[in-house]
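Listing of run-v4.csv; format and content: CSV, C-alpha atoms.
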chain,number,residue,atom,x,y,z
A,1,MET,CA,13.2,-21.0,-12.8
A,2,PRO,CA,10.7,-18.6,-14.3
A,3,SER,CA,10.9,-17.6,-18.0
A,4,ARG,CA,13.0,-14.4,-18.7
A,5,SER,CA,9.9,-12.2,-19.2
A,6,VAL,CA,8.3,-13.5,-16.0
A,7,LYS,CA,11.6,-13.1,-14.2
A,8,GLN,CA,12.0,-9.5,-15.4
A,9,ARG,CA,8.4,-8.7,-14.3
A,10,LEU,CA,9.0,-10.2,-10.9
A,11,ILE,CA,12.3,-8.3,-10.5
A,12,LYS,CA,10.5,-5.0,-11.3
A,13,LYS,CA,7.7,-5.8,-8.9
A,14,LEU,CA,10.1,-6.7,-6.1
A,15,GLN,CA,12.2,-3.6,-6.7
A,16,TRP,CA,9.1,-1.4,-6.5
A,17,THR,CA,7.7,-3.3,-3.5
A,18,PHE,CA,10.8,-3.2,-1.4
A,19,GLN,CA,11.4,0.5,-2.2
A,20,VAL,CA,7.8,1.5,-1.4
A,21,GLU,CA,7.8,-0.4,1.9
A,22,GLY,CA,11.1,1.2,2.8
A,23,MET,CA,9.8,4.7,1.9
A,24,ASN,CA,6.6,4.0,4.0
A,25,ALA,CA,8.7,3.0,7.0
A,26,VAL,CA,10.8,6.2,6.7
A,27,MET,CA,7.6,8.3,6.2
A,28,PHE,CA,5.8,7.0,9.2
A,29,PHE,CA,9.0,7.3,11.3
A,30,GLY,CA,9.2,10.9,10.2
A,31,ILE,CA,5.5,11.4,11.2
A,32,LEU,CA,6.4,9.9,14.6
A,33,ILE,CA,9.2,12.3,15.1
A,34,PHE,CA,7.0,15.2,14.0
A,35,ILE,CA,4.1,14.4,16.3
A,36,ASN,CA,6.4,13.8,19.3
A,37,ALA,CA,8.0,17.3,18.7
A,38,THR,CA,4.6,18.9,18.3
A,39,TYR,CA,2.3,17.3,20.9
A,40,ASP,CA,2.4,16.5,24.6
A,41,ILE,CA,3.9,13.1,25.2
A,42,LYS,CA,1.0,12.1,27.5
A,43,ASP,CA,-1.3,12.2,24.5
A,44,LEU,CA,1.0,10.2,22.2
A,45,ILE,CA,1.7,7.0,24.0
A,46,PHE,CA,-0.7,4.8,22.1
A,47,LEU,CA,-0.1,6.6,18.8
A,48,SER,CA,3.6,6.4,19.1
A,49,TYR,CA,3.4,2.7,20.0
A,50,GLY,CA,1.3,2.0,16.9
A,51,LEU,CA,3.6,4.0,14.6
A,52,LEU,CA,6.7,2.3,16.0
A,53,LEU,CA,5.2,-1.1,15.5
A,54,MET,CA,4.1,-0.2,12.0
A,55,CYS,CA,7.6,1.0,11.1
A,56,PHE,CA,9.1,-2.2,12.6
A,57,ILE,CA,6.8,-4.4,10.5
A,58,LEU,CA,7.3,-2.3,7.3
A,59,LEU,CA,11.1,-2.6,7.7
A,60,GLN,CA,10.6,-6.4,8.0
A,61,GLY,CA,8.7,-6.2,4.7
A,62,THR,CA,11.4,-4.1,3.1
A,63,TYR,CA,14.0,-6.6,4.3
A,64,TYR,CA,11.9,-9.6,3.1
A,65,TRP,CA,11.4,-8.2,-0.4
A,66,TRP,CA,15.0,-7.2,-0.7
A,67,LYS,CA,16.0,-10.8,0.1
A,68,LYS,CA,13.5,-12.2,-2.4
A,69,LEU,CA,14.9,-9.8,-5.1
A,70,SER,CA,18.4,-10.9,-4.4
A,71,VAL,CA,17.5,-14.5,-5.3
A,72,LEU,CA,15.9,-13.4,-8.6
A,73,GLU,CA,19.0,-11.4,-9.4
A,74,ASP,CA,21.1,-14.5,-8.9
A,75,LYS,CA,22.6,-13.1,-5.7
A,76,PRO,CA,21.1,-15.7,-3.4
A,77,ILE,CA,21.3,-14.5,0.1
A,78,PHE,CA,17.9,-15.9,1.1
A,79,GLN,CA,19.1,-18.6,3.5
A,80,ASN,CA,17.5,-20.7,6.2
A,81,ARG,CA,19.1,-18.4,8.8
A,82,THR,CA,17.2,-15.5,7.3
A,83,LEU,CA,13.9,-17.4,7.6
A,84,LYS,CA,14.7,-18.1,11.2
A,85,ARG,CA,15.1,-14.3,11.7
A,86,PHE,CA,11.6,-13.8,10.2
A,87,LEU,CA,10.2,-16.4,12.6
A,88,ASN,CA,11.8,-14.4,15.4
A,89,PHE,CA,10.3,-11.2,14.0
A,90,LYS,CA,6.9,-12.9,13.9
A,91,ARG,CA,7.1,-13.8,17.6
A,92,LYS,CA,8.1,-10.3,18.5
A,93,ASN,CA,5.2,-8.8,16.4
A,94,GLU,CA,2.7,-11.1,18.1
A,95,LEU,CA,4.0,-10.1,21.5
A,96,ALA,CA,3.8,-6.4,20.5
A,97,ILE,CA,0.3,-6.8,19.2
A,98,ALA,CA,-0.8,-8.6,22.4
A,99,PHE,CA,0.6,-5.7,24.4
A,100,MET,CA,-1.5,-3.1,22.5
A,101,PRO,CA,-4.4,-3.1,25.0
A,102,PHE,CA,-2.0,-2.4,27.9
A,103,VAL,CA,-0.6,0.5,26.0
A,104,LEU,CA,-4.1,1.9,25.4
A,105,VAL,CA,-4.9,1.6,29.1
A,106,ALA,CA,-1.6,3.3,30.0
A,107,GLN,CA,-2.6,6.1,27.6
A,108,TRP,CA,-6.0,6.4,29.2
A,109,VAL,CA,-4.5,6.6,32.7
A,110,ILE,CA,-1.7,9.0,31.9
A,111,SER,CA,-3.9,11.3,29.9
A,112,GLY,CA,-6.3,11.8,32.8
A,113,ARG,CA,-8.7,9.0,32.2
A,114,THR,CA,-9.9,10.4,28.9
A,115,LEU,CA,-9.6,9.2,25.4
A,116,GLY,CA,-10.9,12.3,23.6
A,117,SER,CA,-9.8,14.0,20.5
A,118,ASP,CA,-7.1,15.9,22.5
A,119,ASN,CA,-5.0,12.8,22.7
A,120,LEU,CA,-5.3,11.8,19.0
A,121,LEU,CA,-7.2,8.6,19.7
A,122,GLY,CA,-8.5,8.2,16.2
A,123,TRP,CA,-5.0,8.4,14.7
A,124,ALA,CA,-3.7,6.1,17.4
A,125,LEU,CA,-6.3,3.5,16.6
A,126,PHE,CA,-5.6,3.8,12.9
A,127,ALA,CA,-1.8,3.4,13.5
A,128,ASN,CA,-2.3,0.3,15.7
A,129,VAL,CA,-4.9,-1.3,13.4
A,130,PHE,CA,-2.6,-0.6,10.4
A,131,ALA,CA,0.3,-2.3,12.2
A,132,VAL,CA,-1.9,-5.4,12.8
A,133,LEU,CA,-3.0,-5.4,9.2
A,134,GLU,CA,0.7,-5.2,8.0
A,135,TYR,CA,1.5,-8.1,10.3
A,136,ILE,CA,-1.4,-10.2,8.8
A,137,ASN,CA,-0.3,-9.1,5.3
A,138,TYR,CA,3.2,-10.5,5.8
A,139,TYR,CA,2.8,-13.4,8.1
A,140,HIS,CA,-0.7,-14.8,7.2
A,141,ILE,CA,-2.7,-13.8,4.2
A,142,GLN,CA,-2.0,-11.2,1.5
A,143,LEU,CA,-4.2,-8.2,2.0
A,144,MET,CA,-2.5,-5.9,-0.6
A,145,TYR,CA,-3.6,-6.5,-4.2
A,146,ASP,CA,-1.7,-3.9,-6.2
A,147,ASN,CA,-1.2,-5.5,-9.6
A,148,ARG,CA,-3.3,-7.2,-12.2
A,149,TYR,CA,-1.8,-10.6,-11.5
A,150,ASP,CA,-2.8,-10.5,-7.9
A,151,LEU,CA,-6.2,-9.1,-8.8
A,152,ARG,CA,-6.7,-11.8,-11.4
A,153,TYR,CA,-6.0,-14.4,-8.7
A,154,LEU,CA,-8.4,-12.8,-6.3
A,155,PHE,CA,-11.3,-12.7,-8.9
A,156,ARG,CA,-10.6,-16.1,-10.2
A,157,HIS,CA,-10.3,-17.9,-6.9
A,158,LYS,CA,-12.5,-15.6,-4.9
A,159,LYS,CA,-10.2,-15.8,-1.9
A,160,LEU,CA,-7.2,-14.0,-0.5
A,161,LYS,CA,-3.8,-15.4,-1.3
A,162,GLU,CA,-1.5,-16.9,1.3
A,163,ALA,CA,1.3,-14.4,2.2
A,164,SER,CA,4.6,-15.1,0.5
A,165,LEU,CA,6.5,-15.0,3.7
A,166,ARG,CA,4.2,-17.5,5.3
A,167,LYS,CA,4.7,-19.9,2.3
A,168,ASP,CA,8.5,-19.5,2.6
A,169,LEU,CA,8.4,-20.3,6.3
A,170,ARG,CA,6.1,-23.3,5.7
A,171,GLU,CA,8.2,-24.6,2.8
A,172,GLN,CA,11.3,-24.5,4.9
A,173,GLN,CA,9.5,-26.1,7.8
A,174,ILE,CA,10.4,-23.3,10.1

Can you dump the structure from the file as structure tokens?
Amino acid sequence: MPSRSVKQRLIKKLQWTFQVEGMNAVMFFGILIFINATYDIKDLIFLSYGLLLMCFILLQGTYYWWKKLSVLEDKPIFQNRTLKRFLNFKRKNELAIAFMPFVLVAQWVISGRTLGSDNLLGWALFANVFAVLEYINYYHIQLMYDNRYDLRYLFRHKKLKEASLRKDLREQQI
């Protein structure tokens, strides 16, 4: 078990992380609702898909950090069943990511075989790439370095860290 000061620092970090991830999910879902109320649906298929996938993955992150926080706060609810749930999420994410090119083609066909600025292609690409990066950040390698301890690791080892969720899945042999 970590020392009291390390434990308190981890608790604060996890509280902040799960709250921020949750707020991001809510914010991007709000953007999704706004754009669908504002623009023509035929121009939003790929963008909406990316935003929905991004929200889904951000909610997974929120759930993961909340579960990790519960362990540190001596309310252990991080069970093997939870890790199996994340393995199921991982498979669904991979399927959704593999489906992205088909959604892009559908967008192209439905919007009159054009991918111009009228159908928000740049934003759509951003949303879909961001969803993929969030997936990588949670299930493969850590891409977000937002505190001095993570930055110190990055500069000391000159490589990206393995994602915490990936470690948890591997350690439980799931």

In Å to one decimal, how far is CA of Thr17 in chain A from CA of Val129 in chain A?
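Atom-to-atom, CA of Val129 in chain A to CA of Thr17 in chain A, that is 21.2 Å.
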
Within 9 Å of Trp65 in chain A, counting only C-alpha atoms, which residues qualify if same-chain residues fewer than 3 places away don't, as an NGL selection string?
:A and (14-15 or 17-19 or 21 or 60-62 or 68-70)

Spatial neighbours of range 153-160 of chain A, max dist 10 Å, only C-alpha atoms, sep filter under 2 positions, as an MDAnalysis selection string:
chainID A and resid 141:145 148:151 162:163

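A straight line drawn from CA of Leu58 in chain A to CA of Leu95 in chain A is 16.5 Å long.
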
Counting all atoms listed in the file, figure out which residue out of A:Trp16, A:Phe29, A:Tyr63, A:Trp108 gets nearest to Arg85 in chain A.
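For Arg85 in chain A, the nearest of the given residues is A:Tyr63.
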
Tell me which protein, DNA and RNA residues are within 8 Å of range 32-40 of chain A, counting only C-alpha atoms, leaving out same-chain ones fewer than 4 positions away, and put them as JSON, numbers by chain.
{"A": [28, 44, 48, 51, 52]}

If you count all atoms listed in the file, the residue of A:Val20, A:Val71, A:Ala124, A:Leu104 closest to Gly50 in chain A turns out to be A:Ala124

May I ask for the distance between CA of Arg152 in chain A and CA of Ser164 in chain A, given in Å to one decimal place?
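These atoms are spaced 16.7 Å apart.
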
Which residue gives the smallest distance to Lys13 in chain A among A:Leu87, A:Leu72, A:Leu133, A:Ile31, with only C-alpha atoms counted?
A:Leu72

Between A:Phe130, A:Tyr49, A:Trp66, A:Phe86, which one has atoms that come closest to Arg166 in chain A, using only C-alpha atoms?
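Under the stated criterion, the closest residue is A:Phe86.
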
Mind checking which residues fall within 10 Å of Glu94 in chain A, counting all atoms listed in the file, ignoring those fewer than 4 positions away in the same chain, and posting them as a ChimeraX atom specification?
/A:89-90,98-99,132,135

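Among the candidates A:Gly112, A:Leu10, A:Glu134, A:Ala96, the one nearest to Asn24 in chain A when counting only C-alpha atoms is A:Glu134.
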